[in-house]
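Visitor: Before I ask anything, here is the structure I am working with.
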Amino acid sequence: MEAMDDMEGVAALLEASGRYRILRRLEPRSLYDAAKRSTAHRGIFLDVGTKGLDPAAKVDEKTNP
């Protein structure tokens, strides 16, 4: 796990610079609601946006339909 700690430290340094945003993998869960003992269901989050990280950026409809 030392390598994971090293990677997290590097990610923290990059984020602290203000020039980078680091995305992290979601950790799988075995139960959705442990109190109710519900089983988990698989799903997907798919971001297909073409504007990048700037919400104010305009998309050129001619090149990015």
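Ligands are numbered from 1 in the order shown, chains are lettered A, B, ... in the order of the structure tokens, and residues start at 1 in each chain.
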Compile the contact shell of Arg21 in chain A as a ChimeraX atom specification: residues with an atom at most 10 Å away, counting only C-alpha atoms, same-chain residues fewer than 5 positions apart removed.

Guide: /A:11-12,14-16,53

Visitor: Could you write out the selected residues, including N, CA, C and O atoms, as a PDB file, in the first residue's frame?

Guide:
```pdb
ATOM      1  N   ALA A  11      -0.770  13.236  -6.067  1.00  0.00           N
ATOM      2  CA  ALA A  11      -2.045  13.827  -6.484  1.00  0.00           C
ATOM      3  C   ALA A  11      -2.363  15.060  -5.630  1.00  0.00           C
ATOM      4  O   ALA A  11      -2.829  16.076  -6.153  1.00  0.00           O
ATOM      5  N   ALA A  12      -2.104  14.994  -4.337  1.00  0.00           N
ATOM      6  CA  ALA A  12      -2.364  16.131  -3.453  1.00  0.00           C
ATOM      7  C   ALA A  12      -1.486  17.324  -3.830  1.00  0.00           C
ATOM      8  O   ALA A  12      -1.952  18.469  -3.819  1.00  0.00           O
ATOM      9  N   LEU A  14      -0.263  17.995  -6.856  1.00  0.00           N
ATOM     10  CA  LEU A  14      -0.769  18.530  -8.117  1.00  0.00           C
ATOM     11  C   LEU A  14      -2.024  19.373  -7.887  1.00  0.00           C
ATOM     12  O   LEU A  14      -2.159  20.464  -8.447  1.00  0.00           O
ATOM     13  N   GLU A  15      -2.947  18.878  -7.063  1.00  0.00           N
ATOM     14  CA  GLU A  15      -4.171  19.622  -6.788  1.00  0.00           C
ATOM     15  C   GLU A  15      -3.873  20.926  -6.053  1.00  0.00           C
ATOM     16  O   GLU A  15      -4.505  21.949  -6.313  1.00  0.00           O
ATOM     17  N   ALA A  16      -2.908  20.904  -5.153  1.00  0.00           N
ATOM     18  CA  ALA A  16      -2.564  22.095  -4.374  1.00  0.00           C
ATOM     19  C   ALA A  16      -2.011  23.208  -5.256  1.00  0.00           C
ATOM     20  O   ALA A  16      -2.107  24.381  -4.913  1.00  0.00           O
ATOM     21  N   LEU A  53     -13.380  21.092 -18.323  1.00  0.00           N
ATOM     22  CA  LEU A  53     -13.672  21.434 -16.930  1.00  0.00           C
ATOM     23  C   LEU A  53     -14.201  22.843 -16.755  1.00  0.00           C
ATOM     24  O   LEU A  53     -14.565  23.240 -15.663  1.00  0.00           O
TER      25      LEU A  53
END
```

Visitor: Report, in Å with one decimal, the straight-line distance from CA of Gly18 in chain A to CA of Met4 in chain A.

Guide: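 CA of Met4 in chain A lies at a distance of 21.9 Å from CA of Gly18 in chain A.
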
Visitor: Mind pulling up the distance from CA of Val48 in chain A to CA of Met7 in chain A?

Guide: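 Those two atoms sit 26.7 Å apart.
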
Visitor: If you measure from CA of Leu26 in chain A to CA of Ile44 in chain A, what distance in Å do you get, rounded to one decimal?

Guide: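 A separation of 10.8 Å between them.
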
Visitor: Which residue gives the smallest distance to Arg25 in chain A among A:Phe45, A:Ala3, A:Ala56, A:Val10, with only C-alpha atoms counted?

Guide: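 Of A:Phe45, A:Ala3, A:Ala56, A:Val10, the one nearest Arg25 in chain A, counting only C-alpha atoms, is A:Phe45.
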